[in-house]
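my_file.cif (mmCIF, C-alpha atoms)
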data_entry
#
loop_
_atom_site.label_atom_id
_atom_site.label_comp_id
_atom_site.auth_asym_id
_atom_site.auth_seq_id
_atom_site.Cartn_x
_atom_site.Cartn_y
_atom_site.Cartn_z
CA MET A 1 3.34 11.08 -18.94
CA ASP A 2 0.02 9.31 -18.64
CA ASP A 3 -1.16 8.56 -15.11
CA PHE A 4 -2.10 5.05 -16.24
CA GLN A 5 0.22 3.19 -18.54
CA VAL A 6 0.58 -0.20 -20.18
CA THR A 7 4.13 -1.22 -20.92
CA ASP A 8 5.96 -4.26 -22.22
CA ARG A 9 9.10 -3.26 -20.33
CA SER A 10 9.94 -3.72 -16.64
CA ILE A 11 7.90 -1.37 -14.46
CA ASP A 12 10.31 1.24 -13.08
CA LEU A 13 9.14 1.09 -9.46
CA ALA A 14 11.36 3.92 -8.27
CA ALA A 15 10.24 6.26 -11.05
CA TRP A 16 6.57 5.58 -10.34
CA ARG A 17 7.16 6.11 -6.63
CA ARG A 18 8.75 9.50 -7.28
CA ARG A 19 5.63 10.58 -9.15
CA LEU A 20 3.66 10.18 -5.88
CA ASP A 21 5.65 12.95 -4.16
CA HIS A 22 3.45 15.85 -3.14
CA PRO A 23 4.08 18.47 -0.43
CA GLN A 24 0.65 17.83 1.09
CA GLY A 25 0.89 14.06 0.72
CA GLY A 26 1.04 12.64 4.24
CA GLY A 27 0.00 9.10 3.31
CA LEU A 28 1.26 7.10 0.35
CA VAL A 29 0.01 3.62 -0.44
CA ILE A 30 1.54 1.41 -3.10
CA PHE A 31 0.29 -1.92 -4.36
CA GLU A 32 2.48 -4.22 -6.43
CA GLY A 33 1.09 -7.32 -8.06
CA VAL A 34 3.99 -9.70 -8.49
CA VAL A 35 4.36 -12.93 -10.48
CA ARG A 36 4.13 -15.84 -8.04
CA ASP A 37 5.89 -19.16 -8.44
CA HIS A 38 2.64 -21.10 -8.14
CA HIS A 39 -1.03 -20.86 -9.07
CA GLN A 40 -3.70 -22.99 -7.44
CA GLY A 41 -1.09 -25.45 -6.26
CA ARG A 42 0.74 -25.76 -9.59
CA ALA A 43 4.30 -24.57 -10.04
CA VAL A 44 4.52 -21.67 -12.48
CA ARG A 45 7.57 -21.16 -14.70
CA HIS A 46 6.72 -17.76 -16.17
CA LEU A 47 3.84 -15.59 -17.41
CA ASP A 48 2.93 -13.73 -20.55
CA TYR A 49 0.41 -10.90 -20.59
CA GLN A 50 -1.40 -9.57 -23.62
CA GLY A 51 -3.21 -6.26 -23.43
CA TYR A 52 -5.37 -4.20 -25.74
CA ALA A 53 -3.20 -1.21 -25.00
CA PRO A 54 -5.23 1.78 -26.20
CA LEU A 55 -8.41 0.62 -24.46
CA ALA A 56 -6.49 -0.56 -21.39
CA VAL A 57 -4.88 2.85 -20.98
CA ARG A 58 -8.15 4.68 -21.52
CA THR A 59 -10.00 2.47 -19.04
CA GLY A 60 -7.19 2.84 -16.51
CA GLN A 61 -7.43 6.63 -16.79
CA VAL A 62 -11.21 6.45 -16.30
CA ILE A 63 -10.67 4.39 -13.14
CA LEU A 64 -8.10 6.87 -11.77
CA THR A 65 -10.41 9.79 -12.50
CA ALA A 66 -13.27 8.03 -10.72
CA ALA A 67 -11.00 7.37 -7.72
CA ARG A 68 -10.07 11.05 -7.56
CA SER A 69 -13.74 11.98 -7.48
CA ARG A 70 -14.47 9.50 -4.65
CA TRP A 71 -11.52 10.39 -2.41
CA PRO A 72 -9.49 13.58 -1.90
CA LEU A 73 -6.36 12.26 -3.59
CA LEU A 74 -3.21 14.21 -4.34
CA ALA A 75 -1.98 11.53 -6.74
CA ALA A 76 -3.36 8.33 -8.25
CA LEU A 77 -1.22 6.39 -10.69
CA GLY A 78 -1.11 2.94 -12.22
CA CYS A 79 0.85 0.77 -14.61
CA HIS A 80 0.23 -2.70 -16.04
CA ARG A 81 2.84 -4.89 -17.67
CA THR A 82 2.41 -6.84 -20.86
CA GLY A 83 4.77 -9.30 -22.51
CA HIS A 84 6.95 -11.93 -20.87
CA LEU A 85 7.31 -11.86 -17.07
CA GLU A 86 9.51 -13.97 -14.86
CA ILE A 87 8.72 -14.98 -11.26
CA GLY A 88 9.14 -11.97 -8.98
CA GLU A 89 8.53 -9.34 -11.66
CA ALA A 90 5.86 -6.71 -11.06
CA ALA A 91 2.79 -7.24 -13.26
CA VAL A 92 0.92 -4.23 -11.95
CA TRP A 93 1.73 -1.16 -9.84
CA ILE A 94 -0.85 1.14 -8.25
CA GLY A 95 0.04 4.17 -6.14
CA THR A 96 -2.02 6.74 -4.28
CA ALA A 97 -1.18 9.79 -2.19
CA ALA A 98 -3.52 11.68 0.13
CA ALA A 99 -3.24 14.01 3.09
CA HIS A 100 -4.32 11.16 5.38
CA ARG A 101 -3.74 7.45 5.13
CA ALA A 102 -7.31 6.13 5.21
CA GLU A 103 -8.12 7.68 1.84
CA ALA A 104 -4.87 6.50 0.30
CA PHE A 105 -5.49 2.91 1.45
CA ALA A 106 -9.14 2.84 0.35
CA ALA A 107 -8.42 4.36 -3.04
CA CYS A 108 -5.44 2.11 -3.78
CA ALA A 109 -7.40 -1.08 -3.00
CA TRP A 110 -10.40 0.14 -4.99
CA ILE A 111 -8.35 1.09 -8.03
CA MET A 112 -6.77 -2.35 -8.05
CA ASP A 113 -10.19 -4.06 -7.85
CA GLU A 114 -11.40 -1.95 -10.76
CA VAL A 115 -8.27 -2.61 -12.82
CA LYS A 116 -8.77 -6.36 -12.46
CA ALA A 117 -12.43 -6.11 -13.46
CA ARG A 118 -12.27 -3.56 -16.25
CA VAL A 119 -8.87 -3.32 -17.93
CA PRO A 120 -8.50 -5.55 -21.04
CA VAL A 121 -5.41 -7.57 -20.15
CA TRP A 122 -4.93 -11.33 -20.37
CA LYS A 123 -2.56 -13.59 -18.47
CA ARG A 124 -1.10 -16.80 -19.90
CA GLU A 125 0.63 -19.10 -17.46
CA THR A 126 3.41 -21.46 -18.42
CA PHE A 127 3.57 -24.17 -15.79
CA ALA A 128 6.60 -26.12 -14.69
CA ASP A 129 5.14 -29.25 -16.33
CA GLY A 130 5.14 -27.44 -19.69
CA ALA A 131 1.41 -26.75 -19.85
CA VAL A 132 0.48 -23.32 -21.22
CA GLU A 133 -2.93 -21.93 -20.27
CA TRP A 134 -4.81 -18.68 -20.39
CA SER A 135 -5.99 -17.72 -16.94
CA GLN A 136 -9.68 -18.37 -16.46
CA GLY A 137 -10.41 -14.69 -15.87
CA THR A 138 -13.67 -12.84 -15.47
CA ILE A 139 -16.00 -11.34 -18.02
CA LEU A 140 -14.85 -7.79 -18.68
CA ARG A 141 -16.94 -5.34 -16.67
CA THR A 142 -18.03 -2.38 -18.75
CA GLU A 143 -20.33 -0.29 -16.58
CA ALA A 144 -18.88 2.86 -15.10
CA PRO A 145 -18.12 2.69 -11.35
CA GLU A 146 -20.72 4.41 -9.21
CA MET B 147 18.01 -7.36 10.59
CA ASP B 148 14.99 -6.69 12.78
CA ASP B 149 11.63 -6.71 11.02
CA PHE B 150 10.71 -3.53 12.89
CA GLN B 151 13.29 -0.83 13.29
CA VAL B 152 13.64 2.67 14.66
CA THR B 153 16.28 4.77 12.98
CA ASP B 154 17.52 8.34 13.11
CA ARG B 155 18.73 8.09 9.53
CA SER B 156 16.75 8.37 6.27
CA ILE B 157 14.59 5.29 5.72
CA ASP B 158 16.11 3.37 2.80
CA LEU B 159 12.86 2.76 0.90
CA ALA B 160 14.45 0.58 -1.77
CA ALA B 161 16.19 -1.64 0.76
CA TRP B 162 12.99 -2.17 2.74
CA ARG B 163 11.09 -2.89 -0.48
CA ARG B 164 13.63 -5.59 -1.42
CA ARG B 165 13.02 -7.33 1.90
CA LEU B 166 9.38 -7.89 0.82
CA ASP B 167 10.44 -10.11 -2.09
CA HIS B 168 9.10 -13.64 -1.74
CA PRO B 169 8.52 -16.24 -4.47
CA GLN B 170 4.94 -16.81 -3.28
CA GLY B 171 4.24 -13.11 -2.74
CA GLY B 172 1.61 -12.14 -5.29
CA GLY B 173 0.48 -8.97 -3.53
CA LEU B 174 2.71 -6.38 -1.90
CA VAL B 175 1.35 -3.34 -0.09
CA ILE B 176 3.52 -0.49 1.14
CA PHE B 177 2.51 2.44 3.28
CA GLU B 178 4.70 5.51 3.63
CA GLY B 179 3.91 8.22 6.10
CA VAL B 180 5.51 11.38 4.79
CA VAL B 181 6.13 14.78 6.39
CA ARG B 182 3.53 17.20 5.06
CA ASP B 183 4.05 20.93 4.59
CA HIS B 184 1.03 21.77 6.72
CA HIS B 185 -0.85 20.55 9.80
CA GLN B 186 -4.41 21.63 10.59
CA GLY B 187 -4.08 24.58 8.29
CA ARG B 188 -0.71 25.79 9.60
CA ALA B 189 2.41 25.77 7.46
CA VAL B 190 5.03 23.33 8.79
CA ARG B 191 8.75 24.00 8.37
CA HIS B 192 10.10 20.69 9.64
CA LEU B 193 9.55 17.94 12.22
CA ASP B 194 11.54 16.25 14.94
CA TYR B 195 10.66 12.84 16.30
CA GLN B 196 11.78 11.38 19.59
CA GLY B 197 11.36 7.68 20.26
CA TYR B 198 11.97 5.34 23.17
CA ALA B 199 13.88 3.07 20.84
CA PRO B 200 14.13 -0.25 22.73
CA LEU B 201 10.44 -0.28 23.66
CA ALA B 202 9.41 1.06 20.24
CA VAL B 203 11.27 -1.74 18.50
CA ARG B 204 9.88 -4.37 20.82
CA THR B 205 6.32 -3.10 20.45
CA GLY B 206 6.71 -2.92 16.69
CA GLN B 207 7.83 -6.54 16.62
CA VAL B 208 4.84 -7.55 18.76
CA ILE B 209 2.52 -5.79 16.29
CA LEU B 210 4.12 -7.53 13.30
CA THR B 211 3.86 -10.90 15.04
CA ALA B 212 0.20 -10.25 15.78
CA ALA B 213 -0.41 -9.31 12.14
CA ARG B 214 1.22 -12.55 10.98
CA SER B 215 -1.11 -14.51 13.25
CA ARG B 216 -4.20 -12.70 11.90
CA TRP B 217 -3.37 -12.94 8.17
CA PRO B 218 -1.34 -15.42 6.12
CA LEU B 219 1.54 -13.04 5.47
CA LEU B 220 4.78 -13.89 3.73
CA ALA B 221 6.42 -10.72 5.00
CA ALA B 222 5.51 -7.91 7.39
CA LEU B 223 8.05 -5.16 8.03
CA GLY B 224 8.13 -1.69 9.47
CA CYS B 225 10.42 1.21 10.23
CA HIS B 226 9.93 4.48 12.11
CA ARG B 227 12.17 7.50 11.85
CA THR B 228 13.40 9.59 14.72
CA GLY B 229 15.40 12.80 14.68
CA HIS B 230 15.08 15.75 12.32
CA LEU B 231 12.83 15.37 9.25
CA GLU B 232 12.29 17.77 6.39
CA ILE B 233 9.07 18.09 4.35
CA GLY B 234 8.74 15.10 2.02
CA GLU B 235 10.85 12.71 4.12
CA ALA B 236 9.37 9.37 5.13
CA ALA B 237 8.54 9.24 8.85
CA VAL B 238 7.25 5.68 8.76
CA TRP B 239 7.33 2.76 6.31
CA ILE B 240 5.17 -0.36 6.57
CA GLY B 241 5.28 -3.20 4.06
CA THR B 242 3.38 -6.47 3.73
CA ALA B 243 3.47 -9.35 1.28
CA ALA B 244 0.88 -12.09 0.87
CA ALA B 245 -0.18 -14.55 -1.78
CA HIS B 246 -3.27 -12.43 -2.44
CA ARG B 247 -3.77 -8.71 -2.21
CA ALA B 248 -6.71 -8.50 0.22
CA GLU B 249 -4.60 -9.83 3.10
CA ALA B 250 -1.67 -7.59 2.23
CA PHE B 251 -3.92 -4.49 2.20
CA ALA B 252 -5.75 -5.36 5.41
CA ALA B 253 -2.58 -6.21 7.31
CA CYS B 254 -0.67 -3.12 6.16
CA ALA B 255 -3.48 -0.76 7.22
CA TRP B 256 -3.91 -2.58 10.54
CA ILE B 257 -0.20 -2.53 11.35
CA MET B 258 -0.08 1.20 10.71
CA ASP B 259 -3.10 1.79 13.00
CA GLU B 260 -1.40 -0.23 15.73
CA VAL B 261 1.93 1.53 15.29
CA LYS B 262 0.27 4.90 15.77
CA ALA B 263 -1.55 3.70 18.89
CA ARG B 264 1.14 1.63 20.57
CA VAL B 265 4.68 2.61 19.56
CA PRO B 266 6.32 5.18 21.88
CA VAL B 267 7.28 7.91 19.42
CA TRP B 268 6.67 11.64 19.70
CA LYS B 269 6.40 14.28 16.99
CA ARG B 270 7.41 17.89 17.45
CA GLU B 271 6.32 20.32 14.77
CA THR B 272 8.21 23.48 13.92
CA PHE B 273 5.80 25.81 12.16
CA ALA B 274 6.61 28.42 9.57
CA ASP B 275 5.78 31.15 12.12
CA GLY B 276 8.50 29.80 14.40
CA ALA B 277 6.23 28.07 16.92
CA VAL B 278 7.48 24.68 18.13
CA GLU B 279 4.89 22.27 19.52
CA TRP B 280 4.62 18.65 20.49
CA SER B 281 1.80 17.00 18.57
CA GLN B 282 -1.27 16.47 20.72
CA GLY B 283 -1.07 12.72 20.34
CA THR B 284 -3.06 9.95 21.98
CA ILE B 285 -2.55 8.13 25.23
CA LEU B 286 -0.28 5.17 24.55
CA ARG B 287 -2.36 2.01 24.16
CA THR B 288 -0.86 -0.89 26.08
CA GLU B 289 -3.29 -3.79 25.77
CA ALA B 290 -2.35 -6.53 23.37
CA PRO B 291 -4.30 -6.55 20.07
CA GLU B 292 -7.04 -9.19 19.97
CA MET C 293 18.35 4.81 49.36
CA PRO C 294 17.51 2.93 46.11
CA GLU C 295 18.62 4.60 42.89
CA VAL C 296 16.73 4.39 39.60
CA THR C 297 17.38 5.81 36.15
CA VAL C 298 14.56 7.95 34.79
CA LEU C 299 14.34 8.63 31.05
CA TYR C 300 12.39 11.62 29.75
CA PHE C 301 10.73 12.08 26.38
CA ALA C 302 8.85 14.85 24.60
CA HIS C 303 7.02 17.30 26.92
CA LEU C 304 8.57 15.73 30.02
CA ARG C 305 12.08 16.03 28.60
CA ASP C 306 11.45 19.72 27.91
CA GLN C 307 10.03 20.28 31.40
CA ARG C 308 12.83 18.41 33.17
CA GLY C 309 15.52 19.82 30.87
CA THR C 310 17.33 16.52 30.46
CA ASP C 311 16.80 13.21 28.70
CA SER C 312 17.80 11.05 31.67
CA GLU C 313 18.89 11.23 35.27
CA CYS C 314 19.77 9.06 38.21
CA VAL C 315 17.29 9.49 41.03
CA ALA C 316 17.76 8.42 44.65
CA THR C 317 14.24 7.88 45.92
CA THR C 318 12.22 6.54 48.81
CA ALA C 319 9.29 5.83 46.44
CA THR C 320 8.29 2.18 46.34
CA THR C 321 5.97 2.30 43.31
CA ALA C 322 6.06 3.98 39.91
CA ARG C 323 3.18 6.20 41.03
CA ASP C 324 5.04 7.41 44.09
CA LEU C 325 8.12 8.10 42.01
CA TYR C 326 6.15 10.21 39.52
CA CYS C 327 4.60 12.18 42.40
CA GLU C 328 8.07 12.90 43.72
CA LEU C 329 9.27 14.09 40.32
CA VAL C 330 6.20 16.27 39.84
CA GLN C 331 6.91 17.96 43.16
CA ARG C 332 10.65 18.33 42.55
CA HIS C 333 10.50 19.51 38.92
CA GLY C 334 7.03 20.88 38.30
CA LEU C 335 6.15 18.30 35.64
CA THR C 336 2.63 19.12 34.41
CA LEU C 337 1.41 15.99 32.62
CA PRO C 338 -1.27 14.27 34.68
CA GLU C 339 -0.80 10.61 35.52
CA ARG C 340 -3.88 9.60 33.52
CA THR C 341 -2.23 10.75 30.25
CA LEU C 342 0.95 8.78 30.90
CA ILE C 343 1.94 5.14 30.61
CA VAL C 344 4.76 3.90 32.78
CA ALA C 345 7.45 1.50 31.67
CA ILE C 346 10.00 -0.21 33.91
CA ASN C 347 13.01 -1.85 32.31
CA GLU C 348 11.50 -1.52 28.82
CA ALA C 349 8.18 -3.14 29.67
CA MET C 350 4.91 -1.28 30.17
CA VAL C 351 3.64 -1.88 33.71
CA ARG C 352 0.93 -0.74 36.13
CA TRP C 353 1.30 2.43 38.16
CA ASP C 354 1.37 0.45 41.38
CA SER C 355 4.27 -1.70 40.19
CA PRO C 356 7.19 -1.72 42.63
CA ILE C 357 10.45 -0.05 41.69
CA ALA C 358 13.78 -1.45 42.72
CA ASP C 359 17.33 -0.27 42.87
CA GLY C 360 18.82 -0.19 39.36
CA ASP C 361 15.50 -0.02 37.49
CA THR C 362 15.05 2.16 34.43
CA VAL C 363 11.72 3.97 34.71
CA VAL C 364 10.04 5.91 31.90
CA PHE C 365 6.82 7.94 31.96
CA LEU C 366 5.49 7.89 28.40
CA PRO C 367 3.46 10.94 27.27
CA PRO C 368 0.69 10.67 24.65
CA VAL C 369 2.28 9.34 21.46
CA SER C 370 2.20 10.83 17.97
CA GLY C 371 4.04 8.47 15.67
CA GLY C 372 3.32 7.91 11.99
CA MET D 373 -18.35 -4.91 -49.34
CA PRO D 374 -17.33 -2.99 -46.17
CA GLU D 375 -13.95 -3.88 -44.73
CA VAL D 376 -13.16 -3.85 -41.01
CA THR D 377 -10.03 -4.59 -39.04
CA VAL D 378 -10.46 -7.28 -36.41
CA LEU D 379 -7.95 -7.56 -33.55
CA TYR D 380 -7.56 -10.82 -31.63
CA PHE D 381 -6.37 -11.35 -28.06
CA ALA D 382 -5.71 -14.32 -25.82
CA HIS D 383 -7.77 -17.45 -26.61
CA LEU D 384 -9.18 -15.87 -29.76
CA ARG D 385 -5.73 -14.96 -31.04
CA ASP D 386 -4.63 -18.56 -30.52
CA GLN D 387 -7.73 -19.94 -32.25
CA ARG D 388 -7.53 -17.54 -35.19
CA GLY D 389 -3.73 -17.84 -35.42
CA THR D 390 -3.18 -14.12 -35.93
CA ASP D 391 -3.36 -10.92 -33.92
CA SER D 392 -5.24 -8.95 -36.56
CA GLU D 393 -6.80 -9.21 -39.97
CA CYS D 394 -8.77 -7.22 -42.49
CA VAL D 395 -12.22 -8.71 -43.01
CA ALA D 396 -14.60 -7.96 -45.86
CA THR D 397 -18.03 -8.62 -44.45
CA THR D 398 -21.73 -8.29 -45.11
CA ALA D 399 -22.40 -8.18 -41.36
CA THR D 400 -24.08 -4.99 -40.20
CA THR D 401 -23.68 -5.45 -36.45
CA ALA D 402 -20.90 -6.59 -34.16
CA ARG D 403 -22.97 -9.68 -33.32
CA ASP D 404 -23.33 -10.66 -36.97
CA LEU D 405 -19.63 -10.18 -37.54
CA TYR D 406 -18.73 -12.44 -34.62
CA CYS D 407 -21.12 -15.10 -35.93
CA GLU D 408 -19.39 -14.96 -39.31
CA LEU D 409 -15.96 -15.32 -37.70
CA VAL D 410 -17.12 -18.22 -35.54
CA GLN D 411 -18.31 -20.02 -38.67
CA ARG D 412 -15.23 -19.23 -40.73
CA HIS D 413 -12.59 -19.94 -38.08
CA GLY D 414 -14.20 -22.18 -35.47
CA LEU D 415 -13.82 -19.68 -32.62
CA THR D 416 -15.21 -21.33 -29.49
CA LEU D 417 -15.78 -18.50 -27.00
CA PRO D 418 -19.52 -17.90 -26.57
CA GLU D 419 -20.81 -14.38 -27.11
CA ARG D 420 -21.93 -14.09 -23.49
CA THR D 421 -18.30 -14.32 -22.27
CA LEU D 422 -17.08 -11.59 -24.61
CA ILE D 423 -17.29 -7.81 -24.65
CA VAL D 424 -17.13 -6.07 -27.99
CA ALA D 425 -15.22 -2.87 -28.69
CA ILE D 426 -15.43 -0.76 -31.83
CA ASN D 427 -12.76 1.87 -32.43
CA GLU D 428 -11.42 1.51 -28.88
CA ALA D 429 -14.77 1.98 -27.13
CA MET D 430 -16.83 -0.79 -25.56
CA VAL D 431 -20.19 -1.03 -27.29
CA ARG D 432 -23.34 -3.18 -27.44
CA TRP D 433 -23.50 -6.33 -29.55
CA ASP D 434 -26.15 -4.78 -31.78
CA SER D 435 -23.98 -1.77 -32.57
CA PRO D 436 -23.56 -1.18 -36.29
CA ILE D 437 -20.21 -1.71 -37.94
CA ALA D 438 -18.99 0.48 -40.73
CA ASP D 439 -16.25 0.39 -43.31
CA GLY D 440 -12.88 1.15 -41.71
CA ASP D 441 -13.92 0.23 -38.16
CA THR D 442 -11.58 -1.61 -35.81
CA VAL D 443 -13.53 -4.32 -34.02
CA VAL D 444 -12.29 -6.34 -31.03
CA PHE D 445 -13.96 -9.20 -29.18
CA LEU D 446 -12.56 -9.14 -25.66
CA PRO D 447 -12.33 -12.49 -23.81
CA PRO D 448 -12.62 -12.74 -20.01
CA VAL D 449 -9.81 -10.64 -18.55
CA SER D 450 -7.13 -11.67 -16.06
CA GLY D 451 -5.03 -8.63 -15.31
CA GLY D 452 -3.28 -7.84 -12.05
#

Re-express the file's structure as structure tokens.
Amino acid sequence: MDDFQVTDRSIDLAAWRRRLDHPQGGGLVIFEGVVRDHHQGRAVRHLDYQGYAPLAVRTGQVILTAARSRWPLLAALGCHRTGHLEIGEAAVWIGTAAAHRAEAFAACAWIMDEVKARVPVWKRETFADGAVEWSQGTILRTEAPE
Amino acid sequence: MDDFQVTDRSIDLAAWRRRLDHPQGGGLVIFEGVVRDHHQGRAVRHLDYQGYAPLAVRTGQVILTAARSRWPLLAALGCHRTGHLEIGEAAVWIGTAAAHRAEAFAACAWIMDEVKARVPVWKRETFADGAVEWSQGTILRTEAPE
Amino acid sequence: MPEVTVLYFAHLRDQRGTDSECVATTATTARDLYCELVQRHGLTLPERTLIVAINEAMVRWDSPIADGDTVVFLPPVSGG
Amino acid sequence: MPEVTVLYFAHLRDQRGTDSECVATTATTARDLYCELVQRHGLTLPERTLIVAINEAMVRWDSPIADGDTVVFLPPVSGG
């Protein structure tokens, strides 16, 4: 099983959590990005994500590898949804395990920043008023993390 | 159900996670402190925690309230185990939800720091060589967080 | 003589050999009470490492104790 | 004439009306190919907002394209 995955099915939160288990893992940090019911003051009905899966997975793996070289991690995992998502569904899941919590927190937050900047995934919002719009987004960052 | 709890039974991770659900919650951060199989190079067989439950719960609630006043949180929850814990069991669980991830990360890490400093709980380690020792610990911090 | 309930945790529980007891005392402050207990039971944790709580609230060492109070001397903590 | 596969995502997929197509092209670089597609299909995203990938690796705009390549122009991303 790849440490970073892109899936068009519901993220299995419990299964991902189990993969963080490690006998030396004293601190586990999990981030879930969840579909909100509003965006910049407008009511959101649902989301659709597109992803360029092979490159998204490869970039995700590169990010996890870089995180492992920056912090002494026992586990670093991530998953990004594509397809149709309802309010409350998890769009992204990032999990880290380390002997001590500071490293697990720092790595988890950093991985998520990198995923947003570097993984080719696109969000389309369908608003309550019927409008359908691609999220403004940011230009894909290509340089390797230091 | 109290937002901060002390329990001598297994922490129900899935139940706590469900309590973080919120329609505006775009970012959820969870910290789990897990029993490691070693401590400062010595193999650990199991742990026992004692807690002064009423004061631990009250202090935990004060910490969560302070976190909510420092960050715009949609949820802030925590639970600390007492009693006998095997390797791999969760000793503490902290969860935060916010519209955006930065606040959820900052609050979760801060709550955990405060819990360690201010909640009256004591850890006793039973080592593989049979030695039983109370963790060195830190003098309980009593001042209110700024 | 006023009676208070003393709860013991961690090292102090081990040293006293019980998790709680009723104590009849002439001590008027938390500090005096701890001194009494040190003398009676050979407790070894110095006052400066402990925090005292009366009736589930952390208080100063010179806080008065009254009949019926629950007093706890809290050793260095190690949660998480 | 060399043939490449072009994949479309997000705004570009909407504008082109398909997620992928085979393109016979005289373009020799990724930049030339995007110019051709802009002219043929009225794509509106400016080059400076896009990143180009050839065969699942991000590359420079002046990278050569060859017969059989898979070329993707990646719009601003919005994951997470």

Cut-off 8 Å: closest chain B/chain C atom pairs per residue, using only C-alpha atoms, as JSON lines:
{"residue": "B:Gly179", "atom": "CA", "partner": "C:Gly372", "partner_atom": "CA", "distance": 5.9}
{"residue": "B:Tyr195", "atom": "CA", "partner": "C:Gly371", "partner_atom": "CA", "distance": 8.0}
{"residue": "B:Gln196", "atom": "CA", "partner": "C:Ala302", "partner_atom": "CA", "distance": 6.8}
{"residue": "B:Gly197", "atom": "CA", "partner": "C:Phe301", "partner_atom": "CA", "distance": 7.6}
{"residue": "B:Tyr198", "atom": "CA", "partner": "C:Phe301", "partner_atom": "CA", "distance": 7.6}
{"residue": "B:Pro200", "atom": "CA", "partner": "C:Glu348", "partner_atom": "CA", "distance": 6.8}
{"residue": "B:Leu201", "atom": "CA", "partner": "C:Glu348", "partner_atom": "CA", "distance": 5.4}
{"residue": "B:His226", "atom": "CA", "partner": "C:Gly372", "partner_atom": "CA", "distance": 7.4}
{"residue": "B:Ala237", "atom": "CA", "partner": "C:Gly372", "partner_atom": "CA", "distance": 6.2}
{"residue": "B:Val238", "atom": "CA", "partner": "C:Gly372", "partner_atom": "CA", "distance": 5.6}
{"residue": "B:Met258", "atom": "CA", "partner": "C:Gly372", "partner_atom": "CA", "distance": 7.6}
{"residue": "B:Val261", "atom": "CA", "partner": "C:Gly371", "partner_atom": "CA", "distance": 7.3}
{"residue": "B:Lys262", "atom": "CA", "partner": "C:Gly371", "partner_atom": "CA", "distance": 5.2}
{"residue": "B:Ala263", "atom": "CA", "partner": "C:Val369", "partner_atom": "CA", "distance": 7.3}
{"residue": "B:Arg264", "atom": "CA", "partner": "C:Val369", "partner_atom": "CA", "distance": 7.8}
{"residue": "B:Val265", "atom": "CA", "partner": "C:Gly371", "partner_atom": "CA", "distance": 7.1}
{"residue": "B:Pro266", "atom": "CA", "partner": "C:Val369", "partner_atom": "CA", "distance": 5.8}
{"residue": "B:Val267", "atom": "CA", "partner": "C:Gly371", "partner_atom": "CA", "distance": 5.0}
{"residue": "B:Trp268", "atom": "CA", "partner": "C:Ser370", "partner_atom": "CA", "distance": 4.9}
{"residue": "B:Lys269", "atom": "CA", "partner": "C:Ser370", "partner_atom": "CA", "distance": 5.5}
{"residue": "B:Arg270", "atom": "CA", "partner": "C:Ala302", "partner_atom": "CA", "distance": 7.9}
{"residue": "B:Trp280", "atom": "CA", "partner": "C:His303", "partner_atom": "CA", "distance": 7.0}
{"residue": "B:Ser281", "atom": "CA", "partner": "C:Ser370", "partner_atom": "CA", "distance": 6.2}
{"residue": "B:Gln282", "atom": "CA", "partner": "C:Ser370", "partner_atom": "CA", "distance": 7.2}
{"residue": "B:Gly283", "atom": "CA", "partner": "C:Ser370", "partner_atom": "CA", "distance": 4.5}
{"residue": "B:Thr284", "atom": "CA", "partner": "C:Pro368", "partner_atom": "CA", "distance": 4.7}
{"residue": "B:Ile285", "atom": "CA", "partner": "C:Pro368", "partner_atom": "CA", "distance": 4.2}
{"residue": "B:Leu286", "atom": "CA", "partner": "C:Pro368", "partner_atom": "CA", "distance": 5.6}
{"residue": "B:Thr288", "atom": "CA", "partner": "C:Met350", "partner_atom": "CA", "distance": 7.1}

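Take CA of Cys79 (chain A) and CA of Asp8 (chain A): the distance between them is 10.5 Å.
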
Give me the residues of region 212-239 of chain B that have any atom at most 12 Å from an atom of region 24-30 of chain A; for each, the nearest atom pair and the distance in Å, rounded to one decimal. Use all atoms listed in the file, sort by chain and number, and format it as a tab-separated table.
residue	atom	partner	partner_atom	distance
B:Ile233	CA	A:Gln24	CA	9.0
B:Gly234	CA	A:Gly25	CA	8.0
B:Glu235	CA	A:Gly26	CA	9.8
B:Ala236	CA	A:Gly26	CA	9.0
B:Ala237	CA	A:Gly26	CA	9.4
B:Val238	CA	A:Gly27	CA	9.7
B:Trp239	CA	A:Leu28	CA	9.5

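Using only C-alpha atoms, the set of residues no farther than 12 Å from the position (-17.4, 1.0, -43.2) comprises Met373, Pro374, Glu375, Val376, Thr377, Cys394, Val395, Ala396, Thr397, Thr398, Ala399, Thr400, Thr401, Ile426, Asn427, Pro436, Ile437, Ala438, Asp439, Gly440, Asp441, Thr442 and Val443 of chain D.
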
I need the chosen residues saved as a compact mmCIF listing (two decimals), in the frame of the given file, with C-alpha atoms.
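Printed below is again_17.txt as written:
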# COMPACT_ATOMS: atom_id res chain seq x y z
CA MET D 373 -18.35 -4.91 -49.34
CA PRO D 374 -17.33 -2.99 -46.17
CA GLU D 375 -13.95 -3.88 -44.73
CA VAL D 376 -13.16 -3.85 -41.01
CA THR D 377 -10.03 -4.59 -39.04
CA CYS D 394 -8.77 -7.22 -42.49
CA VAL D 395 -12.22 -8.71 -43.01
CA ALA D 396 -14.60 -7.96 -45.86
CA THR D 397 -18.03 -8.62 -44.45
CA THR D 398 -21.73 -8.29 -45.11
CA ALA D 399 -22.40 -8.18 -41.36
CA THR D 400 -24.08 -4.99 -40.20
CA THR D 401 -23.68 -5.45 -36.45
CA ILE D 426 -15.43 -0.76 -31.83
CA ASN D 427 -12.76 1.87 -32.43
CA PRO D 436 -23.56 -1.18 -36.29
CA ILE D 437 -20.21 -1.71 -37.94
CA ALA D 438 -18.99 0.48 -40.73
CA ASP D 439 -16.25 0.39 -43.31
CA GLY D 440 -12.88 1.15 -41.71
CA ASP D 441 -13.92 0.23 -38.16
CA THR D 442 -11.58 -1.61 -35.81
CA VAL D 443 -13.53 -4.32 -34.02
